[in-house]
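Structure file work_33.csv; described as CSV, C-alpha atoms.
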```csv
chain,number,residue,atom,x,y,z
A,1,MET,CA,-13.5,-28.3,-52.4
A,2,ASN,CA,-12.6,-24.9,-51.0
A,3,ILE,CA,-14.6,-23.8,-48.0
A,4,SER,CA,-15.2,-20.4,-49.6
A,5,TRP,CA,-17.8,-21.8,-52.0
A,6,TYR,CA,-19.9,-23.0,-49.1
A,7,ILE,CA,-19.6,-19.7,-47.3
A,8,VAL,CA,-20.7,-17.8,-50.5
A,9,LEU,CA,-23.5,-20.2,-51.1
A,10,SER,CA,-24.6,-19.7,-47.5
A,11,ALA,CA,-24.6,-16.0,-47.9
A,12,LEU,CA,-26.6,-16.3,-51.1
A,13,LEU,CA,-29.3,-18.5,-49.5
A,14,PHE,CA,-29.5,-16.1,-46.5
A,15,THR,CA,-29.9,-13.2,-48.9
A,16,ILE,CA,-32.7,-14.9,-50.8
A,17,GLY,CA,-34.5,-15.6,-47.5
A,18,ALA,CA,-34.1,-12.0,-46.5
A,19,ILE,CA,-35.6,-10.8,-49.8
A,20,GLY,CA,-38.5,-13.1,-49.2
A,21,ILE,CA,-39.2,-11.7,-45.8
A,22,LEU,CA,-39.0,-8.1,-47.1
A,23,VAL,CA,-41.2,-8.7,-50.1
A,24,ARG,CA,-43.8,-11.3,-49.3
A,25,ARG,CA,-46.8,-10.6,-47.2
A,26,SER,CA,-48.4,-13.9,-46.3
A,27,PRO,CA,-47.2,-14.9,-42.8
A,28,MET,CA,-46.8,-18.5,-43.9
A,29,VAL,CA,-44.4,-17.6,-46.7
A,30,ILE,CA,-42.5,-15.4,-44.3
A,31,LEU,CA,-42.1,-18.3,-42.0
A,32,LEU,CA,-40.8,-20.4,-44.9
A,33,CYS,CA,-38.3,-17.7,-45.7
A,34,LEU,CA,-37.2,-17.6,-42.1
A,35,GLU,CA,-36.5,-21.3,-42.5
A,36,LEU,CA,-34.3,-20.5,-45.5
A,37,MET,CA,-32.2,-18.0,-43.4
A,38,LEU,CA,-31.8,-20.5,-40.6
A,39,ASN,CA,-30.7,-23.2,-43.0
A,40,ALA,CA,-28.2,-20.8,-44.5
A,41,GLY,CA,-26.8,-20.3,-41.0
A,42,ASN,CA,-26.7,-24.0,-40.5
A,43,LEU,CA,-24.7,-24.5,-43.7
A,44,ALA,CA,-22.2,-21.9,-42.6
A,45,LEU,CA,-21.9,-23.6,-39.2
A,46,VAL,CA,-21.3,-27.0,-40.6
A,47,ALA,CA,-18.9,-25.7,-43.2
A,48,PHE,CA,-16.8,-24.0,-40.5
A,49,SER,CA,-17.0,-27.1,-38.3
A,50,ARG,CA,-15.6,-29.1,-41.2
A,51,GLU,CA,-12.9,-26.5,-41.7
A,52,VAL,CA,-11.7,-26.4,-38.1
A,53,GLY,CA,-12.1,-30.2,-37.8
A,54,ASN,CA,-14.2,-29.9,-34.7
A,55,ALA,CA,-17.6,-31.5,-34.5
A,56,GLN,CA,-19.0,-28.9,-32.0
A,57,GLY,CA,-20.3,-26.7,-34.9
A,58,GLN,CA,-22.6,-29.6,-35.9
A,59,VAL,CA,-24.1,-29.6,-32.4
A,60,PHE,CA,-24.7,-25.9,-32.9
A,61,ALA,CA,-26.5,-26.7,-36.2
A,62,LEU,CA,-28.6,-29.3,-34.4
A,63,VAL,CA,-29.6,-26.8,-31.8
A,64,VAL,CA,-30.5,-24.3,-34.6
A,65,MET,CA,-32.8,-27.1,-36.0
A,66,VAL,CA,-34.5,-27.4,-32.6
A,67,ILE,CA,-35.0,-23.7,-32.4
A,68,ALA,CA,-36.4,-23.7,-35.9
A,69,ALA,CA,-38.9,-26.4,-35.1
A,70,CYS,CA,-40.1,-24.5,-32.0
A,71,GLU,CA,-40.5,-21.3,-34.1
A,72,VAL,CA,-42.4,-23.2,-36.7
A,73,VAL,CA,-44.7,-24.8,-34.2
A,74,VAL,CA,-45.5,-21.5,-32.5
A,75,GLY,CA,-45.8,-19.6,-35.7
A,76,LEU,CA,-48.1,-22.0,-37.3
A,77,GLY,CA,-50.2,-22.1,-34.2
A,78,LEU,CA,-50.5,-18.3,-34.5
A,79,ILE,CA,-51.5,-18.6,-38.1
A,80,VAL,CA,-54.2,-21.2,-37.3
A,81,ALA,CA,-55.5,-18.9,-34.5
A,82,ILE,CA,-55.6,-15.9,-36.8
A,83,PHE,CA,-57.4,-17.9,-39.5
A,84,ARG,CA,-59.9,-19.2,-36.9
A,85,ARG,CA,-60.7,-15.7,-35.8
A,86,LYS,CA,-61.4,-14.8,-39.5
A,87,LEU,CA,-58.7,-12.2,-39.6
A,88,PRO,CA,-56.9,-11.5,-42.9
A,89,LEU,CA,-53.6,-13.5,-43.4
A,90,ASP,CA,-51.6,-10.5,-44.5
A,91,VAL,CA,-48.9,-8.9,-42.5
A,92,ASP,CA,-49.9,-5.4,-43.7
A,93,ASP,CA,-53.3,-5.8,-42.3
A,94,LEU,CA,-52.1,-7.4,-39.1
A,95,ARG,CA,-49.9,-4.5,-38.1
A,96,GLU,CA,-51.9,-3.6,-35.1
A,97,LEU,CA,-51.5,-6.0,-32.2
A,98,ARG,CA,-55.2,-6.1,-31.5
A,99,GLY,CA,-57.0,-9.4,-31.2
B,1,MET,CA,-16.4,-35.5,-58.7
B,2,GLU,CA,-16.9,-33.6,-55.4
B,3,ALA,CA,-17.1,-30.3,-57.3
B,4,VAL,CA,-19.8,-31.7,-59.6
B,5,VAL,CA,-21.9,-32.9,-56.7
B,6,PHE,CA,-21.4,-29.6,-54.9
B,7,PHE,CA,-22.5,-27.5,-57.8
B,8,LEU,CA,-25.5,-29.7,-58.6
B,9,ALA,CA,-26.6,-29.5,-54.9
B,10,ALA,CA,-25.8,-25.7,-54.8
B,11,ILE,CA,-27.9,-25.1,-57.9
B,12,GLY,CA,-30.7,-27.2,-56.4
B,13,ALA,CA,-30.6,-25.3,-53.1
B,14,THR,CA,-30.6,-21.9,-54.8
B,15,ALA,CA,-33.4,-22.9,-57.2
B,16,GLY,CA,-35.4,-24.2,-54.2
B,17,ALA,CA,-34.8,-21.0,-52.3
B,18,ILE,CA,-35.8,-18.8,-55.2
B,19,GLY,CA,-38.9,-21.0,-55.7
B,20,VAL,CA,-39.9,-20.4,-52.1
B,21,VAL,CA,-39.7,-16.7,-52.5
B,22,ALA,CA,-41.1,-16.4,-56.1
B,23,LEU,CA,-44.0,-18.9,-56.2
B,24,ARG,CA,-47.4,-17.4,-55.5
B,25,ASN,CA,-49.1,-20.5,-54.2
B,26,PRO,CA,-47.9,-21.3,-50.6
B,27,PHE,CA,-48.3,-25.0,-51.3
B,28,TYR,CA,-45.8,-24.8,-54.1
B,29,SER,CA,-43.5,-22.7,-51.8
B,30,VAL,CA,-43.6,-25.6,-49.3
B,31,LEU,CA,-42.7,-28.1,-52.0
B,32,ALA,CA,-39.8,-25.9,-53.2
B,33,LEU,CA,-38.5,-25.7,-49.6
B,34,ILE,CA,-38.5,-29.5,-49.4
B,35,ALA,CA,-36.4,-29.6,-52.5
B,36,HIS,CA,-34.1,-27.0,-51.0
B,37,LEU,CA,-33.8,-29.0,-47.8
B,38,PHE,CA,-32.8,-32.2,-49.7
B,39,SER,CA,-30.1,-30.3,-51.6
B,40,LEU,CA,-28.8,-28.9,-48.3
B,41,ALA,CA,-28.7,-32.5,-46.9
B,42,VAL,CA,-26.4,-33.4,-49.9
B,43,LEU,CA,-24.2,-30.5,-49.0
B,44,PHE,CA,-24.0,-31.6,-45.4
B,45,LEU,CA,-23.0,-35.1,-46.6
B,46,LEU,CA,-20.2,-33.5,-48.7
B,47,LEU,CA,-19.0,-31.7,-45.5
B,48,THR,CA,-18.8,-35.2,-43.8
B,49,SER,CA,-21.6,-34.5,-41.3
B,50,ALA,CA,-23.8,-37.5,-41.8
B,51,PHE,CA,-25.8,-37.1,-38.6
B,52,VAL,CA,-26.8,-33.5,-39.4
B,53,ALA,CA,-27.8,-34.5,-42.9
B,54,ALA,CA,-29.9,-37.4,-41.6
B,55,ALA,CA,-31.6,-35.0,-39.0
B,56,GLN,CA,-32.2,-32.5,-41.8
B,57,VAL,CA,-34.0,-35.1,-43.9
B,58,VAL,CA,-35.9,-36.8,-41.1
B,59,VAL,CA,-36.8,-33.8,-38.9
B,60,TYR,CA,-37.1,-31.0,-41.5
B,61,ALA,CA,-38.3,-32.6,-44.7
B,62,GLY,CA,-40.1,-35.3,-42.8
B,63,ALA,CA,-41.8,-33.7,-39.9
B,64,VAL,CA,-41.7,-29.9,-40.0
B,65,MET,CA,-42.7,-29.8,-43.7
B,66,VAL,CA,-45.7,-32.2,-43.0
B,67,LEU,CA,-46.8,-29.6,-40.4
B,68,TYR,CA,-46.6,-26.9,-43.1
B,69,VAL,CA,-48.5,-28.9,-45.6
B,70,PHE,CA,-51.3,-29.5,-43.1
B,71,VAL,CA,-51.6,-25.9,-42.2
B,72,VAL,CA,-51.5,-24.8,-45.8
B,73,SER,CA,-54.3,-27.1,-46.7
B,74,TYR,CA,-56.2,-26.0,-43.6
B,75,VAL,CA,-55.8,-22.3,-44.2
B,76,GLY,CA,-56.0,-22.5,-48.0
B,77,SER,CA,-54.0,-20.4,-50.4
B,78,ALA,CA,-55.0,-16.8,-49.9
B,79,HIS,CA,-54.6,-14.6,-52.8
B,80,GLU,CA,-51.7,-12.3,-52.3
B,81,PRO,CA,-51.9,-9.0,-54.2
B,82,MET,CA,-49.3,-8.6,-56.8
B,83,LEU,CA,-48.9,-4.9,-56.4
B,84,ASP,CA,-46.9,-3.4,-53.5
B,85,PRO,CA,-48.7,-1.1,-51.0
B,86,VAL,CA,-45.4,0.7,-50.6
B,87,PRO,CA,-44.1,2.0,-53.9
B,88,GLY,CA,-40.6,0.7,-54.8
B,89,GLN,CA,-40.6,-1.9,-52.0
B,90,ARG,CA,-39.1,-4.6,-54.2
B,91,LEU,CA,-36.4,-2.3,-55.5
B,92,PHE,CA,-35.4,-1.3,-52.0
B,93,ALA,CA,-35.5,-4.9,-50.9
B,94,GLY,CA,-33.3,-6.0,-53.8
B,95,LEU,CA,-30.8,-3.3,-53.1
B,96,LEU,CA,-30.7,-4.0,-49.4
B,97,ALA,CA,-30.3,-7.7,-50.1
B,98,PHE,CA,-27.5,-7.1,-52.5
B,99,PHE,CA,-25.6,-5.1,-49.9
B,100,LEU,CA,-26.3,-7.8,-47.3
B,101,PHE,CA,-24.9,-10.5,-49.6
B,102,VAL,CA,-21.7,-8.5,-50.3
B,103,GLU,CA,-21.3,-7.8,-46.6
B,104,ILE,CA,-21.8,-11.4,-45.4
B,105,SER,CA,-19.5,-12.7,-48.1
B,106,ALA,CA,-16.8,-10.2,-47.4
B,107,ALA,CA,-17.1,-10.8,-43.6
B,108,GLY,CA,-17.0,-14.6,-44.0
B,109,LEU,CA,-14.3,-14.8,-46.6
B,110,SER,CA,-11.9,-12.2,-45.3
B,111,SER,CA,-11.6,-12.3,-41.6
B,112,ALA,CA,-12.8,-15.8,-40.7
B,113,LEU,CA,-11.0,-17.7,-43.5
B,114,LYS,CA,-7.7,-15.9,-43.0
B,115,ALA,CA,-7.7,-17.0,-39.5
B,116,LEU,CA,-8.5,-20.6,-40.5
B,117,GLY,CA,-6.6,-21.2,-43.7
B,118,THR,CA,-8.6,-22.6,-46.6
B,119,HIS,CA,-7.4,-26.2,-46.8
B,120,GLY,CA,-8.7,-27.7,-43.6
B,121,PRO,CA,-7.4,-30.6,-41.7
B,122,ASP,CA,-7.9,-34.2,-42.7
B,123,VAL,CA,-10.6,-35.3,-40.4
B,124,PRO,CA,-10.7,-38.8,-38.9
B,125,ALA,CA,-13.0,-41.4,-40.3
B,126,GLY,CA,-15.7,-41.1,-37.7
B,127,PHE,CA,-16.1,-37.3,-38.0
B,128,GLY,CA,-19.7,-36.2,-37.7
B,129,ASP,CA,-21.3,-39.7,-37.6
B,130,PRO,CA,-24.0,-40.3,-35.0
B,131,ALA,CA,-21.6,-41.8,-32.4
B,132,ALA,CA,-19.4,-38.7,-32.4
B,133,ILE,CA,-22.4,-36.3,-32.2
B,134,GLY,CA,-24.1,-38.4,-29.5
B,135,THR,CA,-21.0,-38.4,-27.4
B,136,LEU,CA,-20.6,-34.7,-27.8
B,137,LEU,CA,-24.3,-34.1,-27.0
B,138,LEU,CA,-24.4,-36.2,-23.9
B,139,GLU,CA,-21.1,-35.4,-22.5
B,140,LYS,CA,-20.0,-31.8,-23.3
B,141,PHE,CA,-23.4,-30.3,-24.2
B,142,LEU,CA,-25.7,-32.2,-21.8
B,143,VAL,CA,-27.3,-29.1,-20.3
B,144,PRO,CA,-28.1,-27.4,-23.6
B,145,PHE,CA,-29.5,-30.8,-24.8
B,146,GLU,CA,-31.9,-31.0,-21.9
B,147,ALA,CA,-32.7,-27.3,-22.1
B,148,SER,CA,-33.7,-27.8,-25.8
B,149,SER,CA,-36.0,-30.7,-24.9
B,150,VAL,CA,-37.7,-28.4,-22.3
B,151,LEU,CA,-37.9,-25.7,-25.0
B,152,LEU,CA,-39.6,-28.2,-27.4
B,153,LEU,CA,-42.1,-29.1,-24.7
B,154,ILE,CA,-42.9,-25.4,-24.1
B,155,ALA,CA,-43.4,-24.8,-27.8
B,156,ALA,CA,-45.7,-27.7,-28.1
B,157,VAL,CA,-47.8,-26.6,-25.2
B,158,GLY,CA,-47.8,-23.0,-26.5
B,159,ALA,CA,-49.0,-24.2,-29.9
B,160,ILE,CA,-51.9,-26.1,-28.3
B,161,VAL,CA,-52.8,-23.1,-26.2
B,162,LEU,CA,-52.7,-20.8,-29.3
B,163,ALA,CA,-54.5,-22.9,-31.8
B,164,GLY,CA,-56.6,-25.2,-29.6
B,165,ARG,CA,-60.4,-25.0,-29.8
B,166,LYS,CA,-62.0,-24.0,-26.5
B,167,ARG,CA,-65.1,-26.2,-25.9
B,168,GLN,CA,-66.1,-25.6,-22.4
B,169,GLY,CA,-67.9,-22.3,-23.2
B,170,ASN,CA,-70.3,-24.1,-25.5
B,171,SER,CA,-71.0,-27.1,-23.4
B,172,SER,CA,-71.8,-25.1,-20.3
B,173,LYS,CA,-74.6,-23.3,-22.1
B,174,GLY,CA,-76.0,-26.5,-23.3
B,175,THR,CA,-75.9,-25.9,-27.0
B,176,PRO,CA,-75.3,-29.0,-29.0
B,177,PRO,CA,-71.8,-29.0,-30.7
B,178,GLY,CA,-71.7,-28.0,-34.3
B,179,THR,CA,-74.9,-26.1,-34.6
B,180,ALA,CA,-74.0,-22.6,-33.5
B,181,GLU,CA,-71.2,-21.2,-35.5
B,182,PRO,CA,-69.6,-18.3,-33.5
B,183,SER,CA,-69.9,-15.0,-35.1
B,184,VAL,CA,-66.9,-12.8,-36.0
B,185,LYS,CA,-67.4,-10.5,-33.1
B,186,GLU,CA,-67.6,-13.4,-30.7
B,187,ALA,CA,-64.5,-14.9,-32.2
B,188,LEU,CA,-62.6,-11.6,-31.8
B,189,THR,CA,-63.5,-11.1,-28.2
B,190,ARG,CA,-62.7,-14.6,-27.2
```
Is it possible to express this structure as structure tokens?
Amino acid sequence: MNISWYIVLSALLFTIGAIGILVRRSPMVILLCLELMLNAGNLALVAFSREVGNAQGQVFALVVMVIAACEVVVGLGLIVAIFRRKLPLDVDDLRELRG
Amino acid sequence: MEAVVFFLAAIGATAGAIGVVALRNPFYSVLALIAHLFSLAVLFLLLTSAFVAAAQVVVYAGAVMVLYVFVVSYVGSAHEPMLDPVPGQRLFAGLLAFFLFVEISAAGLSSALKALGTHGPDVPAGFGDPAAIGTLLLEKFLVPFEASSVLLLIAAVGAIVLAGRKRQGNSSKGTPPGTAEPSVKEALTR
């Protein structure tokens, strides 16, 4: 299987995630689309790692997973805090950084 | 055979991604993301990286998605308005995304692949299995490994600080718990 297919698929998934971040307005769905973009990056990293024959790219992918987990934890904590303060869960209404 | 599995997994991953973006209910979006993650794990297996595929299924689809499901069911599915506040937002987003796709594909396919060649070496039998990744993590990448563990700890503490309920204010005033619901203004100034 040619490596180009993986790269094009990764670009496609990254683009779908970017569309989601640009279009959707619920912070939770935006976090999900961020996951899509991170996973597309992971796919490219693993594909290039296979292509070079060097497993260090897979370690990169694992570190990306760790970063994604941290981002999810903090982001969901923010969403719960916003919900508990009875603010609207909409990024257009939350544009001012006032508690 | 490999091509068939690749295209099945690629279709699954793309459909999952489109589902995440297009579905209105956040709960269904989470489920679509889980399908997407499983398809990606199949792709990782095709690329002979078994440990990353296992970590994908166990960590992402197992742990992170459970967190999402809990938060979605706690917050509830808010109704997102269908109409855009900015006119033509979707058109611009689609246009921008198309150019982004062309650019990433061109960058990845031209420069990077010409330097590498497109056939790839025959990797040894233990490529990407847990032993190889573990050796790499604990010998060459020991400092980033430890730093990521500290980062996870910081994120966990930060999430508790952000989302945790503060109880000491109520108990010092002597009000029994659960009787006085804090008003919106009180919640905002807290």
Q) Please, which residues are within 8 Å of (-27.1, -33.2, -53.4) by the file's coordinates, counting all atoms listed in the file, and could they come as a VMD selection string? A) chain B and resid 5 to 6 8 to 10 12 38 to 43
Q) Which of these residues is nearest to A:Ala68, using only C-alpha atoms: A:Met28, A:Leu36, A:Leu87, A:Leu22? A) A:Leu36
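Proximity to A:Val52 was assessed for B:Ala53, B:Val123, B:Arg165, B:Ala61 counting all atoms listed in the file; the smallest distance is recorded for B:Val123.
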Q. Atom CA of A:Ser49 and atom CA of B:Asp129 are how many Å apart?
A. 13.3 Å
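Proximity to B:Phe70 was assessed for B:Leu46, B:Val4, B:Val30, B:Ile104 counting only C-alpha atoms; the smallest distance is recorded for B:Val30.
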Q: Find the residues near stretch 55-62 of chain A: any atom within 7 Å, counting only C-alpha atoms, skip ones fewer than 4 places away on the same chain, and give them as a VMD selection string.
A: (chain A and resid 42 45 to 46 49 66) or (chain B and resid 52 127 to 128 133)
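Atom pair atom CA of A:Ala44 / atom CA of B:Leu67 has a distance of 25.9 Å (rounded to one decimal).
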Q: List every protein, DNA or RNA residue that has at least one atom no more than 9 Å from (-50.3, -24.9, -29.5) in the file's coordinates, counting all atoms listed in the file, and write the result as a PyMOL selection string.
A: (chain A and resi 73-74+76-78) or (chain B and resi 155-164)
Q: Would you work out the distance separating atom CA of B:Thr135 from atom CA of A:Met37, expressed in Å to one decimal?
A: 28.2 Å
Q.
Could you list, as a PyMOL selection string, every residue within 8 Å of A:Leu34, counting only C-alpha atoms and ignoring same-chain residues fewer than 4 positions away?
A. chain A and resi 17-18+21+30+38
Q: Counting all atoms listed in the file, figure out which residue out of A:Asp92, A:Ile79, A:Thr15, A:Ile67 gets nearest to A:Cys33.
A: A:Thr15
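Closest approach to A:Ile16 among B:Ala93, B:Val59, B:Ala131, B:Val150: B:Ala93, based on all atoms listed in the file.
Nearest residue to A:Val8, choosing from B:Gly88, B:Gly94, B:Gly108, B:Gly62 and counting all atoms listed in the file: B:Gly108.
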(Q) Could you list, as a VMD selection string, every residue within 9 Å of B:Ala32, counting only C-alpha atoms and ignoring same-chain residues fewer than 2 positions away? (A) chain B and resid 15 to 20 23 27 to 30 34 to 37
